[in-house]
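Please read the structure below before turning to the comments.
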Amino acid sequence: MSSRIKDQAYYLVALPRGEVMHWAAIFQQELAERYGVYDKPYPPLHITVGIIYPENEQELQKAARLLDELFSRAVPFPVTITSASCFAPPYKSLNLSVERNAALEAITSKTYELLQTHGISAQAMQDWDFHISLVNRIFARRELTGEEFQEACRMLQDISLSLTCDIQKIQLWSPAFPPLSVIASFKLGAVSEGSE
């Protein structure tokens, strides 16, 4: 059945801006070049705030419409980064840790509840370790060796960080890359802005 896409996960991602994006891009490039992990374009920097498992194309489009309604009434919310994190093998992921806050948790829980209410399968994010992945195995030209992973992890964790930004845009992405496939783009607070 060609319309079945149940096995495929779609990612709801918050897009960092300002100093968060600036420094994340610098760290990603330095790691990618030092270890020869990626060919360009590098995987796009983002914070995963939801994972959706639609049954078919129609359900995917329904999810996009529901999320557009939800996010148009949401307000931009802050994210803060004060440390790095490393996800051990098999992930071998080098990240910037995103601190949990009430606004981030509200966005993820409302998203999950809305989709579940409409019968669309999604991942509950209450135990999710929010992060911006700089380098990992996914889309990599080659995987970091164990020694490289440990070295890069130590380097990142030695960096003193205090970065903040407001999230104003969330997108729904297909997992295919490259190129990046954006299913839908949502501007937070679009309804309130338009009515003022």
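Residue numbering restarts at 1 in every chain; chains get A, B, ... in the order shown in the structure tokens, and ligands count up from 1 in that same order.
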Using 12 Å as the limit and counting only C-alpha atoms, can you tabulate each residue of region 61-83 of chain A that touches region 143-159 of chain A, with its shortest atom-to-atom distance in Å and the two atoms involved, as a tab-separated table?
```
residue	atom	partner	partner_atom	distance
A:Ile81	CA	A:Ile159	CA	11.6
A:Thr82	CA	A:Ile159	CA	9.4
A:Ser83	CA	A:Gln157	CA	6.8
```
Filtered DSSP result for chain A, state strand (DSSP E or B), as number ranges by chain:
A: 4, 10-14, 47-53, 56, 77-81, 83-87, 93-97, 121-122, 131-135, 163-167, 169-173, 182-187
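Nearest residue to Leu180 (chain A), choosing from A:Ile47, A:Phe139, A:Ser97, A:Glu113 and counting only C-alpha atoms: A:Phe139.
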Using only C-alpha atoms, which protein or nucleic acid residues come within 7 Å of Ile183 (chain A)? Drop anything in the same chain fewer than 4 positions from it, and give the result as a ChimeraX atom specification.
/A:172-174
Using only C-alpha atoms, please write the residues we just selected to a file, as a compact mmCIF listing (two decimals), in the first residue's frame.
```
# COMPACT_ATOMS: atom_id res chain seq x y z
CA LEU A 172 7.97 19.43 10.71
CA TRP A 173 10.77 17.55 8.92
CA SER A 174 10.98 14.35 6.97
```
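Interatomic distance, CA of Leu31 (chain A) to CA of Pro89 (chain A): 17.2 Å.
Here CA of Ile167 (chain A) stands at a distance of 8.1 Å from CA of Leu188 (chain A).
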Which value, in Å to one decimal, gives the distance between CA of Glu55 (chain A) and CA of Tyr42 (chain A)?
29.6 Å
Among region 113-145 of chain A, which ones does DSSP place in helix (DSSP H, G or I), written as a CSV table (one decimal) with C-alpha atoms, in the first residue's frame?
```csv
chain,number,residue,atom,x,y,z
A,113,GLU,CA,-1.9,15.4,23.8
A,114,LEU,CA,-3.3,17.1,20.7
A,115,LEU,CA,-2.0,14.4,18.3
A,116,GLN,CA,-3.1,11.6,20.6
A,117,THR,CA,-6.6,13.1,20.9
```
Counting only C-alpha atoms, the residue of A:Thr108, A:Ser181, A:Ser85, A:Ser72 that sits nearest Pro43 (chain A)
A:Ser181
Do you know which residues are at most 12 Å from Leu45 (chain A) counting only C-alpha atoms, after dropping those on the same chain fewer than 4 positions away, and could you put them as a ChimeraX atom specification?
/A:13-17,20-29,41,95-96,131-136,180
Check which residues of region 35-111 of chain A sit at most 9 Å from region 7-12 of chain A using only C-alpha atoms, and return one row each with the closest pair of atoms and their distance in Å to one decimal, ordered by chain and rising number, as a tab-separated table.
```
residue	atom	partner	partner_atom	distance
A:Ile47	CA	A:Leu12	CA	8.5
A:Thr48	CA	A:Leu12	CA	5.9
A:Val49	CA	A:Leu12	CA	5.6
A:Gly50	CA	A:Leu12	CA	4.7
A:Ile51	CA	A:Tyr11	CA	4.7
A:Ile52	CA	A:Tyr10	CA	5.1
A:Tyr53	CA	A:Ala9	CA	5.0
A:Pro54	CA	A:Ala9	CA	7.6
A:Glu55	CA	A:Asp7	CA	8.2
A:Leu60	CA	A:Tyr10	CA	8.7
```
Can you list, as a list in words, every protein, DNA or RNA residue that comes within 10 Å of Glu105 (chain A) when you count only C-alpha atoms, leaving out same-chain residues fewer than 5 positions away?
Val49, Arg100, Lys110, Thr111, Met125, Gln126 and Trp128 of chain A
